[in-house]
>>> print(open('input26.pdb').read())   # PDB, C-alpha atoms and all ligand atoms
ATOM      1  CA  MET A   1       6.319  23.437  -8.583
ATOM      2  CA  THR A   2       3.730  20.769  -9.278
ATOM      3  CA  LYS A   3       0.424  20.668  -7.413
ATOM      4  CA  PHE A   4       1.753  17.795  -5.304
ATOM      5  CA  GLN A   5       4.953  19.631  -4.349
ATOM      6  CA  ASP A   6       2.918  22.708  -3.519
ATOM      7  CA  ARG A   7       0.758  20.682  -1.101
ATOM      8  CA  LEU A   8       3.860  19.144   0.492
ATOM      9  CA  ALA A   9       5.312  22.592   1.053
ATOM     10  CA  GLN A  10       2.144  23.884   2.752
ATOM     11  CA  GLY A  11       2.998  22.308   6.108
ATOM     12  CA  GLY A  12       0.936  19.823   8.057
ATOM     13  CA  ILE A  13       0.626  16.126   7.422
ATOM     14  CA  LEU A  14      -1.059  14.623   4.368
ATOM     15  CA  ILE A  15      -3.339  11.636   4.926
ATOM     16  CA  ALA A  16      -3.054   8.864   2.368
ATOM     17  CA  ASP A  17      -5.574   6.074   1.893
ATOM     18  CA  GLY A  18      -5.652   2.545   3.304
ATOM     19  CA  ALA A  19      -5.682  -0.941   1.837
ATOM     20  CA  ALA A  20      -7.024  -1.706  -1.619
ATOM     21  CA  GLY A  21      -6.532  -5.462  -2.041
ATOM     22  CA  THR A  22      -8.209  -6.531   1.185
ATOM     23  CA  ARG A  23     -11.065  -4.049   0.548
ATOM     24  CA  LEU A  24     -11.680  -5.364  -2.954
ATOM     25  CA  GLN A  25     -11.730  -8.944  -1.687
ATOM     26  CA  ASN A  26     -14.411  -7.878   0.780
ATOM     27  CA  ALA A  27     -16.280  -6.324  -2.151
ATOM     28  CA  GLY A  28     -16.307  -9.687  -3.919
ATOM     29  CA  LEU A  29     -13.084  -9.851  -5.925
ATOM     30  CA  PRO A  30     -12.605 -13.601  -6.437
ATOM     31  CA  SER A  31      -9.408 -14.941  -4.918
ATOM     32  CA  GLY A  32      -6.765 -15.412  -7.577
ATOM     33  CA  THR A  33      -8.194 -12.603  -9.726
ATOM     34  CA  ALA A  34      -5.861  -9.662 -10.295
ATOM     35  CA  PRO A  35      -7.345  -6.560  -8.576
ATOM     36  CA  GLU A  36      -6.178  -4.564 -11.621
ATOM     37  CA  ARG A  37      -8.677  -6.479 -13.779
ATOM     38  CA  TRP A  38     -11.484  -4.616 -12.014
ATOM     39  CA  ASN A  39     -10.300  -1.264 -13.386
ATOM     40  CA  LEU A  40     -11.690  -2.467 -16.699
ATOM     41  CA  GLU A  41     -14.397  -4.943 -15.651
ATOM     42  CA  ASN A  42     -15.844  -3.484 -12.451
ATOM     43  CA  PRO A  43     -15.025   0.243 -12.409
ATOM     44  CA  ASP A  44     -17.874   0.972  -9.979
ATOM     45  CA  ALA A  45     -16.127  -1.127  -7.317
ATOM     46  CA  ILE A  46     -12.927   0.863  -7.847
ATOM     47  CA  ARG A  47     -14.807   4.164  -7.650
ATOM     48  CA  ALA A  48     -16.450   2.965  -4.418
ATOM     49  CA  LEU A  49     -13.049   1.991  -2.995
ATOM     50  CA  HIS A  50     -11.660   5.466  -3.708
ATOM     51  CA  ARG A  51     -14.800   7.245  -2.533
ATOM     52  CA  GLY A  52     -14.621   5.428   0.810
ATOM     53  CA  TYR A  53     -11.188   6.866   1.473
ATOM     54  CA  VAL A  54     -11.955  10.361   0.183
ATOM     55  CA  GLU A  55     -14.977  10.486   2.508
ATOM     56  CA  ALA A  56     -12.798   9.220   5.373
ATOM     57  CA  GLY A  57     -10.479  12.199   4.951
ATOM     58  CA  SER A  58      -7.676  11.056   2.640
ATOM     59  CA  ASP A  59      -5.743  13.916   1.036
ATOM     60  CA  LEU A  60      -4.279  11.496  -1.455
ATOM     61  CA  ILE A  61      -5.418   8.209  -2.929
ATOM     62  CA  LEU A  62      -3.535   5.495  -4.833
ATOM     63  CA  THR A  63      -4.534   4.131  -8.217
ATOM     64  CA  ASN A  64      -5.492   0.442  -8.233
ATOM     65  CA  THR A  65      -2.327  -0.535 -10.077
ATOM     66  CA  PHE A  66      -0.042  -2.142  -7.493
ATOM     67  CA  GLY A  67       0.356  -5.178  -9.773
ATOM     68  CA  GLY A  68       0.038  -3.114 -12.942
ATOM     69  CA  SER A  69       3.474  -3.658 -14.435
ATOM     70  CA  ARG A  70       3.560  -5.695 -17.636
ATOM     71  CA  LEU A  71       5.557  -8.458 -15.946
ATOM     72  CA  ARG A  72       3.041  -8.826 -13.162
ATOM     73  CA  LEU A  73       0.032  -8.588 -15.469
ATOM     74  CA  GLU A  74       1.506 -11.228 -17.771
ATOM     75  CA  MET A  75       1.196 -13.703 -14.900
ATOM     76  CA  LYS A  76      -2.578 -13.116 -15.120
ATOM     77  CA  GLU A  77      -2.630 -13.062 -18.928
ATOM     78  CA  LEU A  78      -3.327  -9.333 -18.904
ATOM     79  CA  GLY A  79       0.022  -8.201 -20.297
ATOM     80  CA  ASP A  80      -1.510  -6.913 -23.547
ATOM     81  CA  GLN A  81      -3.716  -4.561 -21.542
ATOM     82  CA  THR A  82      -0.936  -2.979 -19.497
ATOM     83  CA  HIS A  83      -1.331   0.513 -20.913
ATOM     84  CA  GLU A  84      -5.122   0.465 -20.861
ATOM     85  CA  ILE A  85      -5.254  -0.791 -17.265
ATOM     86  CA  ASN A  86      -2.920   1.914 -15.958
ATOM     87  CA  LEU A  87      -4.572   4.665 -17.971
ATOM     88  CA  THR A  88      -8.068   3.609 -16.874
ATOM     89  CA  ALA A  89      -7.080   3.201 -13.227
ATOM     90  CA  ALA A  90      -5.598   6.703 -13.188
ATOM     91  CA  ARG A  91      -8.728   8.180 -14.756
ATOM     92  CA  LEU A  92     -10.994   6.393 -12.257
ATOM     93  CA  ALA A  93      -9.007   7.714  -9.291
ATOM     94  CA  ARG A  94      -8.878  11.208 -10.801
ATOM     95  CA  GLU A  95     -12.634  11.164 -11.357
ATOM     96  CA  VAL A  96     -13.305  10.455  -7.672
ATOM     97  CA  ALA A  97     -10.483  12.666  -6.360
ATOM     98  CA  GLY A  98     -11.561  15.773  -8.239
ATOM     99  CA  GLU A  99      -9.133  18.666  -7.909
ATOM    100  CA  GLU A 100      -8.854  18.764  -4.099
ATOM    101  CA  VAL A 101      -7.574  15.242  -3.476
ATOM    102  CA  LEU A 102      -4.238  14.169  -4.934
ATOM    103  CA  VAL A 103      -3.793  10.966  -6.937
ATOM    104  CA  LEU A 104      -0.662   8.844  -6.638
ATOM    105  CA  GLY A 105       0.035   6.469  -9.504
ATOM    106  CA  ASP A 106       0.814   3.233  -7.678
ATOM    107  CA  ILE A 107       3.695   1.006  -8.810
ATOM    108  CA  GLY A 108       4.587  -2.225  -6.986
ATOM    109  CA  PRO A 109       7.369  -4.742  -7.579
ATOM    110  CA  THR A 110       7.503  -6.746 -10.814
ATOM    111  CA  GLY A 111       7.369 -10.009  -8.897
ATOM    112  CA  GLN A 112      10.587 -11.152 -10.560
ATOM    113  CA  LEU A 113      14.086 -11.334  -9.169
ATOM    114  CA  MET A 114      16.685  -9.112 -10.721
ATOM    115  CA  GLU A 115      20.169 -10.140 -11.717
ATOM    116  CA  PRO A 116      22.263 -11.713 -10.268
ATOM    117  CA  MET A 117      19.649 -13.548  -8.130
ATOM    118  CA  GLY A 118      17.231 -13.797 -11.057
ATOM    119  CA  THR A 119      17.124 -13.041 -14.759
ATOM    120  CA  LEU A 120      15.540  -9.592 -14.909
ATOM    121  CA  THR A 121      18.127  -7.052 -16.019
ATOM    122  CA  TYR A 122      18.223  -3.511 -14.714
ATOM    123  CA  ASP A 123      17.493  -2.099 -18.183
ATOM    124  CA  GLN A 124      14.529  -4.407 -18.679
ATOM    125  CA  ALA A 125      13.124  -3.341 -15.331
ATOM    126  CA  VAL A 126      13.543   0.343 -16.222
ATOM    127  CA  GLY A 127      11.570  -0.257 -19.417
ATOM    128  CA  VAL A 128       8.786  -2.121 -17.622
ATOM    129  CA  PHE A 129       8.387   0.625 -15.016
ATOM    130  CA  ALA A 130       8.548   3.362 -17.661
ATOM    131  CA  GLU A 131       5.643   1.763 -19.511
ATOM    132  CA  GLN A 132       3.508   1.643 -16.360
ATOM    133  CA  ALA A 133       4.393   5.176 -15.266
ATOM    134  CA  GLY A 134       3.584   6.414 -18.755
ATOM    135  CA  GLY A 135       0.039   5.028 -18.600
ATOM    136  CA  LEU A 136      -0.495   6.468 -15.129
ATOM    137  CA  ALA A 137       0.811   9.900 -16.143
ATOM    138  CA  GLU A 138      -1.385   9.952 -19.232
ATOM    139  CA  GLY A 139      -4.385   9.183 -17.008
ATOM    140  CA  GLY A 140      -3.740  12.301 -14.931
ATOM    141  CA  VAL A 141      -2.019  11.266 -11.675
ATOM    142  CA  ASP A 142      -0.289  13.965  -9.576
ATOM    143  CA  ALA A 143       2.763  11.882  -8.622
ATOM    144  CA  ILE A 144       4.185   8.376  -8.907
ATOM    145  CA  LEU A 145       4.423   6.170  -5.797
ATOM    146  CA  ILE A 146       6.818   3.219  -5.961
ATOM    147  CA  GLU A 147       5.972   0.957  -3.009
ATOM    148  CA  THR A 148       6.462  -2.346  -1.174
ATOM    149  CA  MET A 149       9.920  -2.698  -2.687
ATOM    150  CA  SER A 150      12.392  -5.241  -1.270
ATOM    151  CA  ASP A 151      15.249  -4.951  -3.741
ATOM    152  CA  LEU A 152      16.983  -1.567  -3.739
ATOM    153  CA  ASN A 153      18.073  -2.081  -7.346
ATOM    154  CA  GLU A 154      14.504  -2.682  -8.419
ATOM    155  CA  ALA A 155      13.415   0.447  -6.544
ATOM    156  CA  LYS A 156      16.121   2.424  -8.344
ATOM    157  CA  ALA A 157      15.080   0.963 -11.700
ATOM    158  CA  ALA A 158      11.522   2.057 -10.943
ATOM    159  CA  VAL A 159      12.663   5.610 -10.177
ATOM    160  CA  GLU A 160      14.641   5.694 -13.397
ATOM    161  CA  GLY A 161      11.726   4.215 -15.352
ATOM    162  CA  ALA A 162       9.266   6.730 -13.930
ATOM    163  CA  ARG A 163      11.649   9.553 -14.857
ATOM    164  CA  ARG A 164      11.932   8.252 -18.381
ATOM    165  CA  ALA A 165       8.142   8.470 -18.736
ATOM    166  CA  THR A 166       7.222  11.632 -16.855
ATOM    167  CA  ASP A 167       8.393  14.736 -14.971
ATOM    168  CA  LEU A 168       5.940  14.102 -12.117
ATOM    169  CA  PRO A 169       7.191  13.893  -8.498
ATOM    170  CA  ILE A 170       8.274  10.427  -7.336
ATOM    171  CA  LEU A 171       7.848   8.825  -3.899
ATOM    172  CA  VAL A 172       9.459   5.522  -2.898
ATOM    173  CA  THR A 173       8.648   3.286   0.052
ATOM    174  CA  MET A 174      10.055  -0.135   0.853
ATOM    175  CA  SER A 175       8.690  -2.975   2.968
ATOM    176  CA  PHE A 176      10.816  -3.899   5.989
ATOM    177  CA  ASP A 177       9.230  -7.198   6.869
ATOM    178  CA  THR A 178      12.232  -9.396   7.688
ATOM    179  CA  HIS A 179      13.842  -8.698  11.075
ATOM    180  CA  GLY A 180      13.879  -4.953  10.479
ATOM    181  CA  ARG A 181      15.184  -5.260   6.913
ATOM    182  CA  THR A 182      13.540  -5.896   3.563
ATOM    183  CA  MET A 183      13.256  -9.474   2.347
ATOM    184  CA  MET A 184      16.402  -8.763   0.319
ATOM    185  CA  GLY A 185      18.267  -7.583   3.414
ATOM    186  CA  VAL A 186      18.141  -3.809   2.877
ATOM    187  CA  LYS A 187      18.238  -1.668   6.035
ATOM    188  CA  PRO A 188      15.850   1.312   6.328
ATOM    189  CA  GLY A 189      18.564   3.936   6.823
ATOM    190  CA  ASP A 190      20.562   2.713   3.827
ATOM    191  CA  ALA A 191      17.472   2.537   1.606
ATOM    192  CA  ALA A 192      16.428   6.035   2.579
ATOM    193  CA  GLN A 193      19.883   7.482   1.934
ATOM    194  CA  GLU A 194      20.350   5.881  -1.463
ATOM    195  CA  LEU A 195      16.874   6.715  -2.718
ATOM    196  CA  TRP A 196      16.847  10.261  -1.341
ATOM    197  CA  ALA A 197      20.189  10.831  -3.071
ATOM    198  CA  MET A 198      18.407  10.131  -6.371
ATOM    199  CA  GLY A 199      16.419  13.315  -5.794
ATOM    200  CA  VAL A 200      12.997  11.767  -5.172
ATOM    201  CA  ASP A 201      10.293  13.777  -3.372
ATOM    202  CA  ALA A 202       9.728  11.375  -0.446
ATOM    203  CA  VAL A 203      11.065   8.099   0.923
ATOM    204  CA  GLY A 204       9.577   5.796   3.516
ATOM    205  CA  ALA A 205       8.194   2.475   4.672
ATOM    206  CA  ASN A 206       4.979   0.654   3.849
ATOM    207  CA  CYS A 207       3.258  -2.686   4.374
ATOM    208  CA  GLY A 208       5.705  -4.704   6.483
ATOM    209  CA  ARG A 209       4.528  -6.541   9.549
ATOM    210  CA  THR A 210       3.551  -4.639  12.658
ATOM    211  CA  LEU A 211       3.018  -0.962  13.374
ATOM    212  CA  THR A 212       5.949  -1.081  15.791
ATOM    213  CA  GLU A 213       8.337  -2.480  13.172
ATOM    214  CA  ASN A 214       7.240   0.153  10.668
ATOM    215  CA  LEU A 215       7.765   2.835  13.291
ATOM    216  CA  GLU A 216      11.292   1.540  13.924
ATOM    217  CA  ALA A 217      12.031   1.658  10.191
ATOM    218  CA  ILE A 218      10.884   5.279  10.072
ATOM    219  CA  GLN A 219      12.986   6.091  13.130
ATOM    220  CA  HIS A 220      16.087   4.716  11.379
ATOM    221  CA  MET A 221      15.278   6.715   8.262
ATOM    222  CA  ARG A 222      14.847   9.890  10.273
ATOM    223  CA  GLU A 223      18.170   9.309  12.033
ATOM    224  CA  ALA A 224      19.874   8.783   8.667
ATOM    225  CA  LEU A 225      18.168  11.768   7.043
ATOM    226  CA  PRO A 226      17.110  14.534   9.442
ATOM    227  CA  GLU A 227      15.743  16.709   6.608
ATOM    228  CA  ALA A 228      14.100  14.202   4.281
ATOM    229  CA  THR A 229      10.396  14.065   3.475
ATOM    230  CA  LEU A 230       9.207  10.760   4.953
ATOM    231  CA  MET A 231       6.126   8.688   4.209
ATOM    232  CA  ALA A 232       4.639   5.781   6.199
ATOM    233  CA  LYS A 233       1.857   3.453   5.118
ATOM    234  CA  PRO A 234       1.970   0.562   7.591
ATOM    235  CA  ASN A 235      -0.233  -2.522   7.676
ATOM    236  CA  ALA A 236      -2.952  -2.765  10.303
ATOM    237  CA  GLY A 237      -0.747  -5.357  11.981
ATOM    238  CA  LEU A 238      -0.325  -8.963  10.921
ATOM    239  CA  PRO A 239      -3.363 -10.928   9.805
ATOM    240  CA  ARG A 240      -4.441 -14.137  11.480
ATOM    241  CA  MET A 241      -6.607 -16.708   9.804
ATOM    242  CA  GLU A 242     -10.163 -17.289  10.999
ATOM    243  CA  GLY A 243     -11.434 -20.071   8.785
ATOM    244  CA  THR A 244     -10.725 -18.746   5.291
ATOM    245  CA  ASP A 245     -10.737 -15.079   6.353
ATOM    246  CA  SER A 246      -7.710 -12.947   7.187
ATOM    247  CA  VAL A 247      -8.461 -10.953  10.316
ATOM    248  CA  TYR A 248      -6.501  -7.844  11.311
ATOM    249  CA  ASP A 249      -6.560  -7.006  15.006
ATOM    250  CA  VAL A 250      -5.367  -3.394  14.852
ATOM    251  CA  THR A 251      -8.382  -1.204  15.558
ATOM    252  CA  PRO A 252      -8.861   2.336  14.227
ATOM    253  CA  GLU A 253      -8.038   3.602  17.746
ATOM    254  CA  ILE A 254      -4.693   1.773  17.777
ATOM    255  CA  MET A 255      -3.946   3.076  14.279
ATOM    256  CA  ALA A 256      -4.702   6.623  15.417
ATOM    257  CA  ASP A 257      -2.478   6.187  18.453
ATOM    258  CA  TYR A 258       0.400   5.053  16.238
ATOM    259  CA  ALA A 259      -0.267   7.802  13.714
ATOM    260  CA  GLN A 260       0.830  10.274  16.386
ATOM    261  CA  LYS A 261       4.004   8.277  17.014
ATOM    262  CA  PHE A 262       4.815   8.427  13.296
ATOM    263  CA  ALA A 263       4.058  12.144  13.272
ATOM    264  CA  ALA A 264       6.574  12.584  16.101
ATOM    265  CA  PHE A 265       9.260  11.595  13.556
ATOM    266  CA  ASP A 266       7.922  14.332  11.295
ATOM    267  CA  VAL A 267       6.375  11.939   8.789
ATOM    268  CA  LYS A 268       4.826  14.101   6.079
ATOM    269  CA  ILE A 269       2.494  11.495   4.553
ATOM    270  CA  PHE A 270       0.673   8.880   6.624
ATOM    271  CA  GLY A 271      -1.744   6.181   5.526
ATOM    272  CA  GLY A 272      -2.434   2.475   5.957
ATOM    273  CA  CYS A 273      -1.553  -0.659   4.030
ATOM    274  CA  CYS A 274      -2.985  -4.199   4.211
ATOM    275  CA  GLY A 275      -5.938  -4.580   6.567
ATOM    276  CA  SER A 276      -6.598  -0.869   7.025
ATOM    277  CA  THR A 277     -10.035   0.503   6.222
ATOM    278  CA  PRO A 278     -11.676   3.914   5.825
ATOM    279  CA  ASP A 279     -12.380   3.744   9.587
ATOM    280  CA  HIS A 280      -8.638   3.469  10.298
ATOM    281  CA  ILE A 281      -7.904   6.393   7.984
ATOM    282  CA  HIS A 282     -10.691   8.482   9.486
ATOM    283  CA  ALA A 283      -9.405   7.848  13.015
ATOM    284  CA  ALA A 284      -5.843   8.729  11.995
ATOM    285  CA  SER A 285      -6.907  11.878  10.191
ATOM    286  CA  ARG A 286      -8.863  13.065  13.237
ATOM    287  CA  VAL A 287      -5.863  12.886  15.579
ATOM    288  CA  LEU A 288      -3.305  14.120  13.040
ATOM    289  CA  ARG A 289      -5.315  17.167  12.058
ATOM    290  CA  GLY A 290      -6.063  17.984  15.709
TER     291      GLY A 290
HETATM  292 ZN    ZN A 301       0.482  -4.084   2.553
END
>>> encode(input="input26.pdb", output="C-alpha cells")
Amino acid sequence: MTKFQDRLAQGGILIADGAAGTRLQNAGLPSGTAPERWNLENPDAIRALHRGYVEAGSDLILTNTFGGSRLRLEMKELGDQTHEINLTAARLAREVAGEEVLVLGDIGPTGQLMEPMGTLTYDQAVGVFAEQAGGLAEGGVDAILIETMSDLNEAKAAVEGARRATDLPILVTMSFDTHGRTMMGVKPGDAAQELWAMGVDAVGANCGRTLTENLEAIQHMREALPEATLMAKPNAGLPRMEGTDSVYDVTPEIMADYAQKFAAFDVKIFGGCCGSTPDHIHAASRVLRG
C-alpha cells in the first residue's frame, strides 16, 4: 500500500485544499499569465499558497499544475518547460507539505477537443498526460489527481497516461457544470461507473457551478456506486462581477454546512475549488473532524 492508500484506509474524511487560481490572482498574478509560470518565477508565492492551506487544516494539497500539460503550456509559450514546471511544482508542494500532509499531482484538461469533435487523438492525449504525470511523480507527489474533466475519453486518456508514467494512486473528478452533466454531456453516475471500473482510487466531482449542483452529482455517483471512494471539491458558488473583480458569495459557514451534506454521502475527500479560501477549508475541517 502507498502512503496515500494507507491514509484512505484509516477511516475519517481527508480535507483537501481550496482554490489556487483565484488565490494567486489575489497575490498579484497578472491576468493572462499562466499560474504555472509562477512555479519557476515566483516560488515564494506558491509556497505561501500551499502554506495557507496546510495551516488551515488541509490533509492534502494540490500542485500548481492544473494547466501543466504540454498542450496547455504551449498556448502560453511554455511548452519547452513542461517537465521542469511539473517537477518544480511537485517539489514546492512537497517542501511545504512535509511528511504529514499528502501531495496530489494536479492534472487538468488539455484545453483541446478530442476526436471526433476535435483533432486530438486518444494516443496523443495519453502521451501528453504521461509526460505531465512523469514530472509530477519525479518531484515526489503521493498520488495523481485528474480534475475538472468534461470529456470522459480525455479523462480515460489521462488515467492511462498517468499509469504509463507511474504506479502512484490515481483520483479522477469531473466538472458537472451544464444542467447536471459535464459540458460534453456526461452524467455523474455514468462517469463514476466507467472511471471506477478502470481501477482508480477515487472518483468524484469538482468545480462546477453551485454547491447544490455538486452535491447532486455526488448523490448520483453514490447511487451508482455504493462502495466507491468519492471525492468532492466544489466551487464556492458562482462568481459575480463587481467592477473587474469576481466575487464569490459562499461564506466559510455555508461551505462548512455543505461539507456535512457531502459527508452524509460518505465522501472520503472534501475540499474547495474556485473561490474557496483557507477560511473555507478551515471551517469545513472544523465541522468534518468534529
Ligand atoms: Zn474550479
>>> residues_near_ligand(input="input26.pdb", ligand="ligand ZN 301 (chain A)", cutoff="12 Å", atoms="all atoms listed in the file", output="ChimeraX atom specification")
/A:17-23,66,108,147-149,173-177,205-211,214,232-239,248,271-276
>>> atom_distance(input="input26.pdb", atom1="atom CA of Glu194 of chain A", atom2="atom CA of Ala9 of chain A")
22.6 Å
>>> atom_distance(input="input26.pdb", atom1="atom CA of Leu92 of chain A", atom2="atom CA of Pro169 of chain A")
20.0 Å
>>> closest_residue(input="input26.pdb", among="A:Gln219, A:Thr212, A:Asn86, A:Thr229", to="Val200 of chain A", atoms="only C-alpha atoms")
A:Thr229
>>> residues_around(input="input26.pdb", residues="Leu152 of chain A", least_positions_apart="2", cutoff="9 Å", atoms="only C-alpha atoms", output="PyMOL selection string")
chain A and resi 149-150+154-157+174+184+186+191+194-195
>>> write_last_selection(input="input26.pdb", atoms="C-alpha atoms", output="compact mmCIF listing (two decimals), in the frame of the given file")
# COMPACT_ATOMS: atom_id res chain seq x y z
CA MET A 149 9.92 -2.70 -2.69
CA SER A 150 12.39 -5.24 -1.27
CA GLU A 154 14.50 -2.68 -8.42
CA ALA A 155 13.42 0.45 -6.54
CA LYS A 156 16.12 2.42 -8.34
CA ALA A 157 15.08 0.96 -11.70
CA MET A 174 10.06 -0.14 0.85
CA MET A 184 16.40 -8.76 0.32
CA VAL A 186 18.14 -3.81 2.88
CA ALA A 191 17.47 2.54 1.61
CA GLU A 194 20.35 5.88 -1.46
CA LEU A 195 16.87 6.72 -2.72
>>> residues_around(input="input26.pdb", residues="segment 26-40 of chain A", least_positions_apart="3", cutoff="8 Å", atoms="all atoms listed in the file", output="list in words")
Gly21, Thr22, Arg23, Pro43, Ala45, Ile46, Asn64, Thr65, Phe66, Gly67, Gly68, Leu73, Lys76, Leu78, Ile85, Thr88, Ala89 and Leu92 of chain A
>>> build_atoms(input="input26.pdb", residues="segment 37-45 of chain A", atoms="all heavy atoms", output="PDB file, in the frame of the given file")
ATOM      1  N   ARG A  37      -7.662  -6.115 -12.789  1.00  0.00           N
ATOM      2  CA  ARG A  37      -8.677  -6.479 -13.779  1.00  0.00           C
ATOM      3  C   ARG A  37      -9.952  -5.652 -13.577  1.00  0.00           C
ATOM      4  O   ARG A  37     -10.637  -5.286 -14.539  1.00  0.00           O
ATOM      5  CB  ARG A  37      -8.987  -7.979 -13.642  1.00  0.00           C
ATOM      6  CG  ARG A  37      -9.881  -8.535 -14.704  1.00  0.00           C
ATOM      7  CD  ARG A  37     -10.139 -10.014 -14.456  1.00  0.00           C
ATOM      8  NE  ARG A  37      -9.126 -10.872 -15.039  1.00  0.00           N
ATOM      9  CZ  ARG A  37      -9.089 -11.230 -16.315  1.00  0.00           C
ATOM     10  NH1 ARG A  37      -9.999 -10.795 -17.151  1.00  0.00           N
ATOM     11  NH2 ARG A  37      -8.127 -12.012 -16.766  1.00  0.00           N
ATOM     12  N   TRP A  38     -10.241  -5.332 -12.312  1.00  0.00           N
ATOM     13  CA  TRP A  38     -11.484  -4.616 -12.014  1.00  0.00           C
ATOM     14  C   TRP A  38     -11.473  -3.163 -12.489  1.00  0.00           C
ATOM     15  O   TRP A  38     -12.522  -2.538 -12.564  1.00  0.00           O
ATOM     16  CB  TRP A  38     -11.789  -4.705 -10.513  1.00  0.00           C
ATOM     17  CG  TRP A  38     -12.647  -5.888 -10.201  1.00  0.00           C
ATOM     18  CD1 TRP A  38     -12.870  -6.968 -11.013  1.00  0.00           C
ATOM     19  CD2 TRP A  38     -13.411  -6.109  -9.008  1.00  0.00           C
ATOM     20  NE1 TRP A  38     -13.711  -7.850 -10.382  1.00  0.00           N
ATOM     21  CE2 TRP A  38     -14.059  -7.357  -9.159  1.00  0.00           C
ATOM     22  CE3 TRP A  38     -13.600  -5.390  -7.834  1.00  0.00           C
ATOM     23  CZ2 TRP A  38     -14.890  -7.885  -8.170  1.00  0.00           C
ATOM     24  CZ3 TRP A  38     -14.422  -5.920  -6.847  1.00  0.00           C
ATOM     25  CH2 TRP A  38     -15.063  -7.148  -7.021  1.00  0.00           C
ATOM     26  N   ASN A  39     -10.303  -2.612 -12.788  1.00  0.00           N
ATOM     27  CA  ASN A  39     -10.300  -1.264 -13.386  1.00  0.00           C
ATOM     28  C   ASN A  39     -11.106  -1.272 -14.685  1.00  0.00           C
ATOM     29  O   ASN A  39     -11.795  -0.313 -14.991  1.00  0.00           O
ATOM     30  CB  ASN A  39      -8.868  -0.799 -13.667  1.00  0.00           C
ATOM     31  CG  ASN A  39      -8.069  -0.589 -12.389  1.00  0.00           C
ATOM     32  OD1 ASN A  39      -8.529   0.080 -11.478  1.00  0.00           O
ATOM     33  ND2 ASN A  39      -6.891  -1.186 -12.329  1.00  0.00           N
ATOM     34  N   LEU A  40     -10.995  -2.364 -15.416  1.00  0.00           N
ATOM     35  CA  LEU A  40     -11.690  -2.467 -16.699  1.00  0.00           C
ATOM     36  C   LEU A  40     -13.067  -3.106 -16.549  1.00  0.00           C
ATOM     37  O   LEU A  40     -14.015  -2.719 -17.221  1.00  0.00           O
ATOM     38  CB  LEU A  40     -10.867  -3.305 -17.695  1.00  0.00           C
ATOM     39  CG  LEU A  40      -9.433  -2.838 -17.956  1.00  0.00           C
ATOM     40  CD1 LEU A  40      -8.751  -3.753 -18.967  1.00  0.00           C
ATOM     41  CD2 LEU A  40      -9.397  -1.393 -18.437  1.00  0.00           C
ATOM     42  N   GLU A  41     -13.178  -4.117 -15.667  1.00  0.00           N
ATOM     43  CA  GLU A  41     -14.397  -4.943 -15.651  1.00  0.00           C
ATOM     44  C   GLU A  41     -15.390  -4.575 -14.559  1.00  0.00           C
ATOM     45  O   GLU A  41     -16.552  -4.961 -14.643  1.00  0.00           O
ATOM     46  CB  GLU A  41     -14.001  -6.423 -15.518  1.00  0.00           C
ATOM     47  CG  GLU A  41     -13.262  -6.905 -16.755  1.00  0.00           C
ATOM     48  CD  GLU A  41     -12.797  -8.346 -16.645  1.00  0.00           C
ATOM     49  OE1 GLU A  41     -13.120  -9.018 -15.635  1.00  0.00           O
ATOM     50  OE2 GLU A  41     -12.103  -8.794 -17.571  1.00  0.00           O
ATOM     51  N   ASN A  42     -14.924  -3.880 -13.527  1.00  0.00           N
ATOM     52  CA  ASN A  42     -15.844  -3.484 -12.451  1.00  0.00           C
ATOM     53  C   ASN A  42     -15.455  -2.093 -11.919  1.00  0.00           C
ATOM     54  O   ASN A  42     -15.128  -1.933 -10.749  1.00  0.00           O
ATOM     55  CB  ASN A  42     -15.811  -4.530 -11.328  1.00  0.00           C
ATOM     56  CG  ASN A  42     -16.949  -4.341 -10.337  1.00  0.00           C
ATOM     57  OD1 ASN A  42     -17.740  -3.400 -10.446  1.00  0.00           O
ATOM     58  ND2 ASN A  42     -17.039  -5.235  -9.354  1.00  0.00           N
ATOM     59  N   PRO A  43     -15.493  -1.096 -12.815  1.00  0.00           N
ATOM     60  CA  PRO A  43     -15.025   0.243 -12.409  1.00  0.00           C
ATOM     61  C   PRO A  43     -15.816   0.831 -11.241  1.00  0.00           C
ATOM     62  O   PRO A  43     -15.271   1.600 -10.452  1.00  0.00           O
ATOM     63  CB  PRO A  43     -15.184   1.088 -13.682  1.00  0.00           C
ATOM     64  CG  PRO A  43     -16.089   0.310 -14.575  1.00  0.00           C
ATOM     65  CD  PRO A  43     -15.909  -1.127 -14.227  1.00  0.00           C
ATOM     66  N   ASP A  44     -17.087   0.438 -11.102  1.00  0.00           N
ATOM     67  CA  ASP A  44     -17.874   0.972  -9.979  1.00  0.00           C
ATOM     68  C   ASP A  44     -17.273   0.553  -8.639  1.00  0.00           C
ATOM     69  O   ASP A  44     -17.299   1.329  -7.677  1.00  0.00           O
ATOM     70  CB  ASP A  44     -19.331   0.473 -10.062  1.00  0.00           C
ATOM     71  CG  ASP A  44     -20.127   1.261 -11.095  1.00  0.00           C
ATOM     72  OD1 ASP A  44     -19.628   2.328 -11.520  1.00  0.00           O
ATOM     73  OD2 ASP A  44     -21.218   0.807 -11.481  1.00  0.00           O
ATOM     74  N   ALA A  45     -16.742  -0.664  -8.574  1.00  0.00           N
ATOM     75  CA  ALA A  45     -16.127  -1.127  -7.317  1.00  0.00           C
ATOM     76  C   ALA A  45     -14.868  -0.321  -7.016  1.00  0.00           C
ATOM     77  O   ALA A  45     -14.564  -0.027  -5.853  1.00  0.00           O
ATOM     78  CB  ALA A  45     -15.793  -2.611  -7.408  1.00  0.00           C
TER      79      ALA A  45
END
